[in-house]
$ cat input-v7.txt   # compact mmCIF, C-alpha atoms and all ligand atoms
# COMPACT_ATOMS: atom_id res chain seq x y z
CA MET C 1 0.00 0.00 0.00
CA PRO C 2 1.46 3.37 -0.94
CA LEU C 3 2.10 5.77 1.90
CA LEU C 4 -0.45 8.57 1.94
CA PRO C 5 1.04 12.09 2.15
CA ARG C 6 -1.16 12.83 5.19
CA ARG C 7 0.27 9.83 6.99
CA PHE C 8 3.82 10.89 6.12
CA ASP C 9 3.19 14.39 7.50
CA ARG C 10 1.78 12.90 10.69
CA LEU C 11 4.88 10.74 11.20
CA LYS C 12 7.09 13.79 10.67
CA ALA C 13 5.05 15.89 13.09
CA VAL C 14 5.55 13.24 15.76
CA LEU C 15 9.29 12.90 15.12
CA ASP C 16 9.58 16.70 15.22
CA CYS C 17 8.74 16.55 18.96
CA ARG C 18 10.80 13.47 19.86
CA MET C 19 13.67 13.90 22.34
CA ALA C 20 16.64 11.56 22.32
CA ASP C 21 17.71 12.93 25.71
CA LEU C 22 14.76 11.88 27.87
CA THR C 23 14.12 8.26 28.77
CA VAL C 24 13.01 5.75 31.38
CA LEU C 25 14.64 2.55 32.61
CA LEU C 26 12.14 0.04 33.97
CA GLU C 27 13.59 -2.44 36.42
CA HIS C 28 11.39 -5.46 36.55
CA VAL C 29 8.12 -3.62 35.92
CA GLU C 30 6.00 -6.54 34.86
CA LYS C 31 2.28 -5.90 34.68
CA PRO C 32 1.18 -5.49 31.06
CA HIS C 33 -1.21 -2.65 31.90
CA ASN C 34 1.57 -0.71 33.64
CA LEU C 35 4.07 -1.27 30.82
CA SER C 36 1.40 -0.24 28.33
CA ALA C 37 0.48 2.90 30.24
CA ILE C 38 4.16 3.89 30.61
CA LEU C 39 4.86 3.53 26.89
CA ARG C 40 1.75 5.57 26.08
CA SER C 41 3.02 8.36 28.35
CA CYS C 42 6.50 8.16 26.77
CA ASP C 43 4.91 8.51 23.35
CA ALA C 44 2.75 11.44 24.45
CA VAL C 45 5.67 13.33 26.01
CA GLY C 46 8.06 12.69 23.12
CA VAL C 47 10.47 10.11 24.53
CA LEU C 48 12.41 8.47 21.70
CA GLU C 49 13.07 5.09 23.27
CA ALA C 50 12.80 3.35 26.62
CA HIS C 51 14.88 0.76 28.46
CA ALA C 52 14.05 -2.29 30.53
CA VAL C 53 15.65 -5.01 32.61
CA ASN C 54 13.66 -8.12 33.41
CA TYR C 55 15.14 -10.57 35.84
CA SER C 56 12.61 -13.16 34.93
CA GLY C 57 14.20 -13.25 31.48
CA ARG C 58 10.74 -13.06 29.99
CA LEU C 59 9.97 -10.62 27.24
CA PRO C 60 7.79 -7.75 28.41
CA THR C 61 4.19 -8.13 27.39
CA PHE C 62 1.71 -5.42 26.57
CA ASN C 63 -2.02 -5.54 26.35
CA SER C 64 -4.48 -3.87 24.04
CA THR C 65 -4.42 -0.75 26.20
CA ALA C 66 -0.93 -0.05 24.85
CA GLN C 67 -2.72 1.23 21.73
CA GLY C 68 0.27 0.18 19.66
CA SER C 69 2.68 2.44 21.56
CA GLN C 70 5.25 -0.38 21.61
CA LYS C 71 5.55 0.18 17.84
CA TRP C 72 6.47 3.82 18.34
CA ILE C 73 8.66 3.54 21.44
CA PRO C 74 11.33 0.87 21.11
CA LEU C 75 11.83 -0.80 24.48
CA LYS C 76 15.51 -1.77 24.68
CA GLU C 77 16.10 -4.87 26.76
CA HIS C 78 19.27 -5.19 28.81
CA SER C 79 20.59 -8.38 30.38
CA SER C 80 21.17 -6.85 33.82
CA ILE C 81 20.80 -3.58 35.66
CA GLU C 82 24.57 -3.05 35.56
CA VAL C 83 24.64 -3.45 31.78
CA ALA C 84 21.66 -1.13 31.39
CA VAL C 85 23.10 1.57 33.65
CA LYS C 86 26.48 1.43 31.92
CA ALA C 87 24.93 1.80 28.46
CA ILE C 88 22.68 4.67 29.48
CA LYS C 89 25.43 6.52 31.35
CA GLU C 90 27.75 6.16 28.38
CA SER C 91 25.13 7.87 26.24
CA GLY C 92 25.47 10.88 28.55
CA PHE C 93 22.34 10.53 30.67
CA ARG C 94 22.00 11.40 34.33
CA LEU C 95 20.21 8.54 36.09
CA TYR C 96 17.53 9.46 38.61
CA GLY C 97 16.56 6.54 40.80
CA THR C 98 13.11 6.70 42.35
CA HIS C 99 13.11 6.09 46.07
CA LEU C 100 10.25 6.30 48.44
CA GLY C 101 12.13 7.76 51.34
CA GLY C 102 15.45 8.44 52.93
CA ASN C 103 18.20 9.95 50.91
CA ALA C 104 16.31 11.39 47.97
CA ARG C 105 15.38 14.79 46.57
CA ASP C 106 11.93 16.21 45.91
CA TYR C 107 11.48 15.88 42.12
CA ARG C 108 10.18 19.46 41.96
CA ASP C 109 13.60 20.74 43.01
CA CYS C 110 15.48 18.95 40.24
CA ASP C 111 16.48 20.21 36.81
CA PHE C 112 15.44 17.78 34.10
CA CYS C 113 16.60 19.90 31.17
CA GLU C 114 19.88 17.98 30.85
CA PRO C 115 19.81 14.39 29.45
CA THR C 116 17.58 12.60 31.95
CA ALA C 117 16.78 8.95 32.61
CA PHE C 118 14.16 8.07 35.22
CA VAL C 119 14.68 4.66 36.76
CA LEU C 120 11.50 3.00 38.01
CA GLY C 121 11.17 -0.08 40.14
CA ALA C 122 9.00 -3.18 40.34
CA GLU C 123 5.35 -2.91 41.40
CA LYS C 124 5.91 -4.94 44.54
CA TRP C 125 9.48 -4.22 45.55
CA GLY C 126 10.56 -0.94 44.09
CA LEU C 127 14.14 -0.39 42.92
CA SER C 128 16.47 -3.26 43.77
CA GLU C 129 19.39 -2.96 46.15
CA LEU C 130 21.62 -3.61 43.18
CA ALA C 131 20.24 -0.63 41.30
CA THR C 132 20.19 1.94 44.07
CA PRO C 133 23.96 2.60 44.44
CA LEU C 134 24.34 2.83 40.65
CA MET C 135 22.11 5.89 40.39
CA ASP C 136 23.46 9.44 40.02
CA GLU C 137 20.76 10.75 42.33
CA GLY C 138 17.70 9.60 44.22
CA ILE C 139 14.39 11.44 43.72
CA PHE C 140 10.86 11.06 44.97
CA ILE C 141 7.40 12.51 44.42
CA PRO C 142 6.18 13.83 47.79
CA MET C 143 3.01 12.17 49.01
CA CYS C 144 0.89 13.56 51.80
CA GLY C 145 -1.54 10.70 52.32
CA MET C 146 -1.89 7.37 54.06
CA VAL C 147 -0.73 5.05 51.29
CA GLN C 148 2.94 4.45 50.78
CA SER C 149 3.47 4.68 47.06
CA LEU C 150 1.98 5.69 43.76
CA ASN C 151 1.22 3.30 40.97
CA VAL C 152 4.42 2.94 38.92
CA SER C 153 2.85 4.21 35.68
CA VAL C 154 1.48 7.23 37.55
CA ALA C 155 4.94 7.95 39.00
CA ALA C 156 6.55 7.60 35.56
CA ALA C 157 4.04 9.99 33.97
CA THR C 158 4.35 12.54 36.77
CA LEU C 159 8.13 12.67 36.26
CA LEU C 160 7.94 12.71 32.46
CA PHE C 161 5.35 15.51 32.34
CA GLU C 162 7.41 17.53 34.82
CA ALA C 163 10.48 17.14 32.59
CA LEU C 164 8.42 18.29 29.60
CA ARG C 165 7.03 21.24 31.56
CA GLN C 166 10.53 22.36 32.53
CA ARG C 167 11.83 21.99 28.99
CA ARG C 168 8.94 23.93 27.49
CA LEU C 169 9.48 26.69 30.05
CA ALA C 170 13.17 26.79 29.12
CA GLY C 171 12.24 26.90 25.42
CA ILE C 172 14.12 23.69 24.64
CA ALA C 173 11.28 21.23 24.04
CA PRO C 174 11.82 20.30 20.38
CA GLN C 175 9.18 21.32 17.88
CA ALA C 176 10.91 20.91 14.55
CA GLY C 177 13.15 17.87 14.89
CA GLU C 178 15.86 19.53 17.01
CA GLY C 179 15.56 16.68 19.50
CA LEU C 180 17.21 14.14 17.18
CA GLU C 181 20.42 14.04 15.13
CA PRO C 182 19.45 14.52 11.48
CA ALA C 183 20.67 11.05 10.51
CA LEU C 184 18.66 9.43 13.30
CA TYR C 185 15.60 11.45 12.34
CA GLN C 186 15.82 10.23 8.75
CA GLN C 187 16.41 6.65 9.82
CA ARG C 188 13.38 6.63 12.13
CA LEU C 189 11.21 8.31 9.52
CA PHE C 190 12.19 5.65 7.01
CA GLU C 191 11.52 2.82 9.46
CA TRP C 192 8.15 4.26 10.43
CA ALA C 193 7.09 5.02 6.89
CA TYR C 194 8.17 1.68 5.41
CA PRO C 195 8.03 -0.87 8.21
CA MET W 1 -6.91 -1.87 70.90
CA PRO W 2 -6.01 1.59 72.20
CA LEU W 3 -4.92 4.11 69.60
CA LEU W 4 -1.19 4.73 69.78
CA PRO W 5 -0.18 8.41 69.97
CA ARG W 6 2.11 7.94 66.96
CA ARG W 7 -0.78 6.68 64.90
CA PHE W 8 -2.96 9.59 65.98
CA ASP W 9 -0.25 12.08 64.97
CA ARG W 10 0.05 10.40 61.58
CA LEU W 11 -3.70 10.67 60.96
CA LYS W 12 -3.58 14.34 61.88
CA ALA W 13 -0.59 15.00 59.63
CA VAL W 14 -2.51 13.52 56.72
CA LEU W 15 -5.69 15.49 57.46
CA ASP W 16 -3.57 18.64 57.77
CA CYS W 17 -2.86 18.41 54.02
CA ARG W 18 -6.33 17.36 52.86
CA MET W 19 -8.26 19.73 50.56
CA ALA W 20 -12.03 19.75 50.43
CA ASP W 21 -11.89 21.84 47.25
CA LEU W 22 -10.13 19.43 44.87
CA THR W 23 -11.82 16.30 43.56
CA VAL W 24 -12.40 13.95 40.66
CA LEU W 25 -15.59 12.59 39.15
CA LEU W 26 -15.12 9.25 37.42
CA GLU W 27 -17.70 8.47 34.77
CA HIS W 28 -17.81 4.76 34.24
CA VAL W 29 -14.13 4.11 34.93
CA GLU W 30 -14.29 0.40 35.58
CA LYS W 31 -10.97 -1.38 35.71
CA PRO W 32 -9.99 -2.13 39.30
CA HIS W 33 -6.34 -1.30 38.68
CA ASN W 34 -7.27 2.12 37.28
CA LEU W 35 -9.69 2.91 40.11
CA SER W 36 -7.05 1.81 42.60
CA ALA W 37 -4.32 3.91 41.00
CA ILE W 38 -6.59 6.98 40.89
CA LEU W 39 -7.51 6.72 44.57
CA ARG W 40 -3.84 6.31 45.48
CA SER W 41 -3.05 9.52 43.57
CA CYS W 42 -5.96 11.33 45.26
CA ASP W 43 -4.62 10.26 48.63
CA ALA W 44 -1.08 11.34 47.77
CA VAL W 45 -2.16 14.78 46.54
CA GLY W 46 -4.53 15.42 49.43
CA VAL W 47 -7.98 15.05 47.85
CA LEU W 48 -10.63 14.66 50.57
CA GLU W 49 -13.16 12.60 48.66
CA ALA W 50 -13.88 11.43 45.13
CA HIS W 51 -17.05 10.88 43.08
CA ALA W 52 -18.20 8.21 40.66
CA VAL W 53 -21.04 7.29 38.36
CA ASN W 54 -21.36 3.73 37.13
CA TYR W 55 -23.96 3.02 34.51
CA SER W 56 -23.58 -0.67 35.04
CA GLY W 57 -25.01 -0.12 38.51
CA ARG W 58 -22.24 -2.29 39.91
CA LEU W 59 -20.22 -1.15 42.87
CA PRO W 60 -16.70 -0.13 41.96
CA THR W 61 -14.12 -2.75 42.75
CA PHE W 62 -10.54 -2.24 43.77
CA ASN W 63 -7.68 -4.65 43.84
CA SER W 64 -4.80 -5.11 46.22
CA THR W 65 -2.84 -2.40 44.41
CA ALA W 66 -5.21 0.15 45.98
CA GLN W 67 -3.14 -0.31 49.16
CA GLY W 68 -6.21 0.50 51.21
CA SER W 69 -6.65 3.96 49.67
CA GLN W 70 -10.41 3.31 49.41
CA LYS W 71 -10.44 3.54 53.22
CA TRP W 72 -8.92 7.02 53.15
CA ILE W 73 -10.69 8.48 50.13
CA PRO W 74 -14.45 7.99 50.27
CA LEU W 75 -15.75 7.37 46.75
CA LYS W 76 -19.24 8.86 46.58
CA GLU W 77 -21.53 7.04 44.21
CA HIS W 78 -24.14 8.97 42.24
CA SER W 79 -27.08 7.47 40.39
CA SER W 80 -26.48 9.40 37.16
CA ILE W 81 -24.10 11.91 35.66
CA GLU W 82 -26.77 14.65 35.96
CA VAL W 83 -27.20 13.98 39.68
CA ALA W 84 -23.44 13.90 40.21
CA VAL W 85 -22.82 17.14 38.31
CA LYS W 86 -25.63 18.91 40.14
CA ALA W 87 -24.32 17.88 43.55
CA ILE W 88 -20.74 18.83 42.77
CA LYS W 89 -21.72 22.19 41.22
CA GLU W 90 -23.87 23.00 44.21
CA SER W 91 -20.84 22.51 46.42
CA GLY W 92 -19.17 25.31 44.48
CA PHE W 93 -16.84 23.34 42.22
CA ARG W 94 -15.90 24.21 38.67
CA LEU W 95 -16.17 21.06 36.54
CA TYR W 96 -13.40 20.41 34.04
CA GLY W 97 -14.34 17.76 31.51
CA THR W 98 -11.46 15.95 29.85
CA HIS W 99 -11.71 15.87 26.08
CA LEU W 100 -9.24 14.53 23.65
CA GLY W 101 -9.72 17.16 21.02
CA GLY W 102 -11.86 19.90 19.62
CA ASN W 103 -13.17 22.53 21.91
CA ALA W 104 -10.89 22.20 24.91
CA ARG W 105 -8.12 24.11 26.64
CA ASP W 106 -4.56 23.05 27.32
CA TYR W 107 -4.54 22.10 31.02
CA ARG W 108 -1.34 24.07 31.51
CA ASP W 109 -3.19 27.29 30.74
CA CYS W 110 -5.89 26.74 33.38
CA ASP W 111 -6.03 27.98 36.95
CA PHE W 112 -6.81 25.15 39.35
CA CYS W 113 -6.53 27.20 42.54
CA GLU W 114 -10.32 27.67 42.77
CA PRO W 115 -12.51 24.68 43.77
CA THR W 116 -11.77 22.17 41.01
CA ALA W 117 -13.36 18.90 39.92
CA PHE W 118 -11.72 16.89 37.13
CA VAL W 119 -14.18 14.71 35.25
CA LEU W 120 -12.65 11.59 33.70
CA GLY W 121 -14.20 9.20 31.23
CA ALA W 122 -14.37 5.49 30.62
CA GLU W 123 -11.30 3.57 29.47
CA LYS W 124 -12.87 2.67 26.15
CA TRP W 125 -15.21 5.52 25.34
CA GLY W 126 -14.09 8.60 27.20
CA LEU W 127 -16.63 11.09 28.55
CA SER W 128 -20.20 10.38 27.49
CA GLU W 129 -22.22 12.66 25.26
CA LEU W 130 -24.49 13.22 28.22
CA ALA W 131 -21.64 14.50 30.36
CA THR W 132 -19.92 16.77 27.88
CA PRO W 133 -22.46 19.63 27.74
CA LEU W 134 -22.77 19.64 31.54
CA MET W 135 -19.14 20.64 32.05
CA ASP W 136 -18.03 24.19 32.85
CA GLU W 137 -15.01 23.82 30.61
CA GLY W 138 -13.22 21.22 28.49
CA ILE W 139 -9.52 20.59 29.05
CA PHE W 140 -6.91 18.25 27.64
CA ILE W 141 -3.32 17.20 28.22
CA PRO W 142 -1.44 17.85 24.98
CA MET W 143 0.09 14.74 23.47
CA CYS W 144 2.72 14.83 20.75
CA GLY W 145 2.89 11.17 19.85
CA MET W 146 1.19 8.54 17.75
CA VAL W 147 -1.26 7.13 20.29
CA GLN W 148 -4.55 8.86 20.88
CA SER W 149 -4.95 8.97 24.61
CA LEU W 150 -3.28 8.48 27.93
CA ASN W 151 -4.26 5.83 30.42
CA VAL W 152 -7.07 7.29 32.54
CA SER W 153 -5.18 6.98 35.83
CA VAL W 154 -2.18 8.68 34.25
CA ALA W 155 -4.41 11.54 33.03
CA ALA W 156 -6.02 11.89 36.46
CA ALA W 157 -2.63 12.04 38.21
CA THR W 158 -1.20 14.53 35.72
CA LEU W 159 -4.11 16.88 36.37
CA LEU W 160 -4.08 16.39 40.15
CA PHE W 161 -0.34 16.97 40.48
CA GLU W 162 -0.63 20.08 38.30
CA ALA W 163 -3.36 21.43 40.60
CA LEU W 164 -1.15 20.74 43.62
CA ARG W 165 1.85 22.39 41.92
CA GLN W 166 -0.19 25.53 41.23
CA ARG W 167 -1.58 25.64 44.75
CA ARG W 168 1.85 25.23 46.34
CA LEU W 169 3.21 27.99 44.11
CA ALA W 170 0.34 30.23 45.20
CA GLY W 171 0.99 29.33 48.84
CA ILE W 172 -2.49 27.92 49.32
CA ALA W 173 -1.79 24.18 49.56
CA PRO W 174 -2.93 23.38 53.11
CA GLN W 175 -0.30 22.28 55.61
CA ALA W 176 -2.05 22.67 58.95
CA GLY W 177 -5.66 21.73 58.36
CA GLU W 178 -6.70 24.92 56.53
CA GLY W 179 -8.13 22.78 53.73
CA LEU W 180 -11.08 21.56 55.82
CA GLU W 181 -13.75 23.22 57.95
CA PRO W 182 -12.82 22.62 61.61
CA ALA W 183 -15.95 20.53 62.24
CA LEU W 184 -15.26 18.34 59.22
CA TYR W 185 -11.65 17.94 60.29
CA GLN W 186 -12.71 16.74 63.74
CA GLN W 187 -15.33 14.41 62.30
CA ARG W 188 -12.87 12.78 59.90
CA LEU W 189 -10.25 12.48 62.58
CA PHE W 190 -12.74 10.75 64.82
CA GLU W 191 -13.86 8.37 62.05
CA TRP W 192 -10.28 7.52 61.13
CA ALA W 193 -9.13 7.10 64.68
CA TYR W 194 -12.08 5.00 65.84
CA PRO W 195 -13.43 3.19 62.79
C1 LIG C 201 4.50 0.67 43.75
S1 LIG C 201 6.10 1.31 43.84
C2 LIG C 201 7.01 0.15 44.81
C3 LIG C 201 6.57 0.10 46.22
C4 LIG C 201 7.46 -0.74 47.11
N1 LIG C 201 6.63 -1.29 48.13
C5 LIG C 201 8.58 0.09 47.74
O1 LIG C 201 8.55 0.27 48.94
O2 LIG C 201 9.49 0.51 47.03
C6 LIG C 201 6.75 0.94 42.26
C7 LIG C 201 7.60 2.02 41.68
O3 LIG C 201 6.81 3.18 41.43
C8 LIG C 201 7.60 4.34 41.55
N2 LIG C 201 7.02 5.22 42.59
C9 LIG C 201 5.90 5.00 43.31
N3 LIG C 201 5.66 6.02 44.14
C10 LIG C 201 6.65 6.91 43.95
C11 LIG C 201 6.97 8.19 44.51
N4 LIG C 201 6.20 8.76 45.43
N5 LIG C 201 8.07 8.82 44.06
C12 LIG C 201 8.86 8.27 43.12
N6 LIG C 201 8.61 7.08 42.55
C13 LIG C 201 7.52 6.41 42.96
C14 LIG C 201 9.00 3.88 41.90
O4 LIG C 201 9.74 3.72 40.72
C15 LIG C 201 8.74 2.52 42.54
O5 LIG C 201 9.86 1.68 42.44
C1 LIG C 202 -8.36 6.10 27.48
S1 LIG C 202 -9.23 7.58 27.56
C2 LIG C 202 -10.63 7.34 26.46
C3 LIG C 202 -10.25 7.18 25.06
C4 LIG C 202 -11.43 7.17 24.12
N1 LIG C 202 -11.06 6.33 23.02
C5 LIG C 202 -11.79 8.57 23.63
O1 LIG C 202 -11.57 8.83 22.43
O2 LIG C 202 -12.25 9.39 24.42
C6 LIG C 202 -10.02 7.53 29.10
C7 LIG C 202 -10.04 8.84 29.82
O3 LIG C 202 -8.70 9.22 30.14
C8 LIG C 202 -8.62 10.64 30.19
N2 LIG C 202 -7.59 11.08 29.23
C9 LIG C 202 -6.81 10.29 28.45
N3 LIG C 202 -5.96 11.04 27.73
C10 LIG C 202 -6.19 12.33 28.06
C11 LIG C 202 -5.63 13.58 27.65
N4 LIG C 202 -4.64 13.65 26.76
N5 LIG C 202 -6.13 14.71 28.21
C12 LIG C 202 -7.12 14.65 29.13
N6 LIG C 202 -7.68 13.50 29.54
C13 LIG C 202 -7.24 12.36 29.02
C14 LIG C 202 -10.00 11.16 29.85
O4 LIG C 202 -10.72 11.36 31.03
C15 LIG C 202 -10.60 10.00 29.07
O5 LIG C 202 -12.00 10.03 29.09
$ encode --input "input-v7.txt" --output "structure tokens"
Amino acid sequence: MPLLPRRFDRLKAVLDCRMADLTVLLEHVEKPHNLSAILRSCDAVGVLEAHAVNYSGRLPTFNSTAQGSQKWIPLKEHSSIEVAVKAIKESGFRLYGTHLGGNARDYRDCDFCEPTAFVLGAEKWGLSELATPLMDEGIFIPMCGMVQSLNVSVAAATLLFEALRQRRLAGIAPQAGEGLEPALYQQRLFEWAYP
Amino acid sequence: MPLLPRRFDRLKAVLDCRMADLTVLLEHVEKPHNLSAILRSCDAVGVLEAHAVNYSGRLPTFNSTAQGSQKWIPLKEHSSIEVAVKAIKESGFRLYGTHLGGNARDYRDCDFCEPTAFVLGAEKWGLSELATPLMDEGIFIPMCGMVQSLNVSVAAATLLFEALRQRRLAGIAPQAGEGLEPALYQQRLFEWAYP
């Protein structure tokens, strides 16, 4: 089927807002509805690609609520948290580990305009003890209620939308493809247009 | 069992941050994990109570991921959307209907410091045609990706945390019980302390 010009323009409009310097690393997040919701938020905010580590060795599964977002946000699998952290750090990201207490900073006091990776933990256990010391900084979303934690997809979205808010305010949220190297932009456009 | 002083202080600390003038109305949101995630976010942000309409007539169900938030956030059931809207308007709230397009305002341009009710729609269908004209204003969270909507609990949290951000900035987020009438504060404290 030939690619309709309208479809091509839509793909370009989406790539125009994508940011290679904002991402998430999901450590053992397993429920399909959470994975799906997180990829939808990544897509909405303009994240280029996401990362995951799954100790179970199983491939992450999505459900219909993903609305196909897994097609538009590649989820890169890493064999261990160490391997994942090394790769993401080498790409120049600052890793923000999410902690629910103790030695962590209020996310509203952080600057997410530099290359930022949010690291989110498992539904039941949170970030592993292995992951915690590998982070550049610990952050949390203050909660003033009785329950102890937010749903992981809610926490991910809250952080991602805050990063977008800060970048828009600073005038650096991409609008015309500035968020990607030109070669990468062309490569993605080609892959999306002719899958 | 006697109430430990520590426990009593914790209940008070939570009530100190509760706001009677921020709420959500859920129209036919049905998945237990979404309802649970939304109530957890309400609790974290300091919402006093939430509202729901369920056409199916079934009681809303939560799952274990609610972490007991349904104990701390009463979910008031209404028999129809008209009844719910009337009750909430009469309490002085402005109703913001969430729409995915058309005649709606970017949520970042709205002022949520006045009494605010966010109205969220069903996972599959969004807000009903019945609900839409009853709203004071339509709002949306801009999305710059390929998928059409956010998960409903993600949308709810994004709006609630934005309202909290604005209220903190304006210095009106309660910290010492200012968010509740003294009589209501005492009543809730009593109910929580001696259930
Ligand atoms: C449901 S929580 C894990 C709860 C676990 N019982 C614990 O104590 O860590 C799952 C993940 O959601 C994220 N999360 C939940 N609430 C958060 C908050 N208030 N601030 C930052 N991240 C949060 C974190 O990534 C966390 O690892
Ligand atoms: C999954 S959406 C419904 C999608 C449905 N297909 C439609 O077109 O309305 C469920 C609810 O999430 C909320 N929601 C999702 N994305 C939103 C956005 N970008 N802005 C505001 N609310 C949103 C709305 O309350 C919506 O009714």
$ residues_near_ligand --input "input-v7.txt" --ligand "ligand LIG 201 (chain C)" --cutoff "10 Å" --atoms "all atoms listed in the file" --output "count of residues only"
52
$ atom_distance --input "input-v7.txt" --atom1 "atom CA of Ser79 of chain W" --atom2 "atom CA of Pro133 of chain W"
18.1 Å
$ closest_residue --input "input-v7.txt" --among "W:Asp43, W:Asp9, W:Asp111, W:Glu30" --to "chain C" --atoms "only C-alpha atoms"
W:Asp43
$ axis_aligned_box --input "input-v7.txt" --around "ligand LIG 202 (chain C)" --padding-each-side "3 Å" --output "lines of an AutoDock Vina configuration file"
center_x = -8.4
center_y = 10.4
center_z = 26.7
size_x = 13.6
size_y = 14.6
size_z = 14.6
$ atom_distance --input "input-v7.txt" --atom1 "atom CA of Gly179 of chain C" --atom2 "atom CA of Cys110 of chain C"
20.9 Å
$ closest_residue --input "input-v7.txt" --among "W:Ala173, W:Cys17, W:Leu11, W:Ala117" --to "ligand LIG 202 (chain C)" --atoms "only C-alpha atoms and all ligand atoms"
W:Ala117
$ atom_distance --input "input-v7.txt" --atom1 "atom CA of Asp16 of chain C" --atom2 "atom CA of Arg167 of chain C"
14.9 Å
$ closest_residue --input "input-v7.txt" --among "W:Ala157, W:Ala84, W:Leu22, W:Met135" --to "chain C" --atoms "all atoms listed in the file"
W:Ala157
$ residues_around --input "input-v7.txt" --residues "Glu114 of chain C" --least-positions-apart "5" --cutoff "8 Å" --atoms "all atoms listed in the file" --output "list in words"
Asp21, Phe93 and Arg94 of chain C
$ residues_around --input "input-v7.txt" --residues "Gln186 of chain C" --least-positions-apart "5" --cutoff "12 Å" --atoms "all atoms listed in the file" --output "ChimeraX atom specification"
/C:11-12,15-16,177,180-181,191-194
$ residues_around --input "input-v7.txt" --residues "segment 69-76 of chain C" --least-positions-apart "3" --cutoff "8 Å" --atoms "only C-alpha atoms" --output "MDAnalysis selection string"
(chainID C and resid 36 39:40 42:43 47:52 62 66) or (chainID W and resid 146:147)
$ write_last_selection --input "input-v7.txt" --atoms "C-alpha atoms" --output "mmCIF file, keeping the file's coordinate frame"
data_model
loop_
_atom_site.group_PDB
_atom_site.id
_atom_site.type_symbol
_atom_site.label_atom_id
_atom_site.label_comp_id
_atom_site.auth_asym_id
_atom_site.auth_seq_id
_atom_site.Cartn_x
_atom_site.Cartn_y
_atom_site.Cartn_z
ATOM 1 C CA SER C 36 1.400 -0.240 28.330
ATOM 2 C CA LEU C 39 4.860 3.530 26.890
ATOM 3 C CA ARG C 40 1.750 5.570 26.080
ATOM 4 C CA CYS C 42 6.500 8.160 26.770
ATOM 5 C CA ASP C 43 4.910 8.510 23.350
ATOM 6 C CA VAL C 47 10.470 10.110 24.530
ATOM 7 C CA LEU C 48 12.410 8.470 21.700
ATOM 8 C CA GLU C 49 13.070 5.090 23.270
ATOM 9 C CA ALA C 50 12.800 3.350 26.620
ATOM 10 C CA HIS C 51 14.880 0.760 28.460
ATOM 11 C CA ALA C 52 14.050 -2.290 30.530
ATOM 12 C CA PHE C 62 1.710 -5.420 26.570
ATOM 13 C CA ALA C 66 -0.930 -0.050 24.850
ATOM 14 C CA MET W 146 1.190 8.540 17.750
ATOM 15 C CA VAL W 147 -1.260 7.130 20.290
#
$ decode --input "input-v7.txt" --residues "segment 39-75 of chain W" --atoms "C-alpha atoms" --output "PDB file, in the first residue's frame"
ATOM      1  CA  LEU W  39      -7.514   6.716  44.572  1.00  0.00           C
ATOM      2  CA  ARG W  40      -3.840   6.314  45.482  1.00  0.00           C
ATOM      3  CA  SER W  41      -3.049   9.519  43.572  1.00  0.00           C
ATOM      4  CA  CYS W  42      -5.956  11.328  45.256  1.00  0.00           C
ATOM      5  CA  ASP W  43      -4.624  10.260  48.632  1.00  0.00           C
ATOM      6  CA  ALA W  44      -1.076  11.340  47.765  1.00  0.00           C
ATOM      7  CA  VAL W  45      -2.155  14.781  46.539  1.00  0.00           C
ATOM      8  CA  GLY W  46      -4.529  15.425  49.431  1.00  0.00           C
ATOM      9  CA  VAL W  47      -7.978  15.051  47.851  1.00  0.00           C
ATOM     10  CA  LEU W  48     -10.626  14.665  50.567  1.00  0.00           C
ATOM     11  CA  GLU W  49     -13.157  12.602  48.659  1.00  0.00           C
ATOM     12  CA  ALA W  50     -13.879  11.429  45.126  1.00  0.00           C
ATOM     13  CA  HIS W  51     -17.048  10.880  43.080  1.00  0.00           C
ATOM     14  CA  ALA W  52     -18.196   8.209  40.658  1.00  0.00           C
ATOM     15  CA  VAL W  53     -21.043   7.295  38.356  1.00  0.00           C
ATOM     16  CA  ASN W  54     -21.362   3.734  37.130  1.00  0.00           C
ATOM     17  CA  TYR W  55     -23.958   3.018  34.507  1.00  0.00           C
ATOM     18  CA  SER W  56     -23.576  -0.667  35.037  1.00  0.00           C
ATOM     19  CA  GLY W  57     -25.006  -0.121  38.515  1.00  0.00           C
ATOM     20  CA  ARG W  58     -22.243  -2.294  39.909  1.00  0.00           C
ATOM     21  CA  LEU W  59     -20.218  -1.151  42.875  1.00  0.00           C
ATOM     22  CA  PRO W  60     -16.705  -0.126  41.956  1.00  0.00           C
ATOM     23  CA  THR W  61     -14.124  -2.747  42.752  1.00  0.00           C
ATOM     24  CA  PHE W  62     -10.543  -2.241  43.772  1.00  0.00           C
ATOM     25  CA  ASN W  63      -7.678  -4.648  43.841  1.00  0.00           C
ATOM     26  CA  SER W  64      -4.799  -5.106  46.223  1.00  0.00           C
ATOM     27  CA  THR W  65      -2.839  -2.395  44.411  1.00  0.00           C
ATOM     28  CA  ALA W  66      -5.207   0.148  45.984  1.00  0.00           C
ATOM     29  CA  GLN W  67      -3.143  -0.306  49.163  1.00  0.00           C
ATOM     30  CA  GLY W  68      -6.213   0.496  51.206  1.00  0.00           C
ATOM     31  CA  SER W  69      -6.652   3.961  49.665  1.00  0.00           C
ATOM     32  CA  GLN W  70     -10.409   3.313  49.412  1.00  0.00           C
ATOM     33  CA  LYS W  71     -10.435   3.535  53.222  1.00  0.00           C
ATOM     34  CA  TRP W  72      -8.921   7.019  53.150  1.00  0.00           C
ATOM     35  CA  ILE W  73     -10.691   8.481  50.127  1.00  0.00           C
ATOM     36  CA  PRO W  74     -14.453   7.986  50.272  1.00  0.00           C
ATOM     37  CA  LEU W  75     -15.747   7.367  46.747  1.00  0.00           C
TER      38      LEU W  75
END
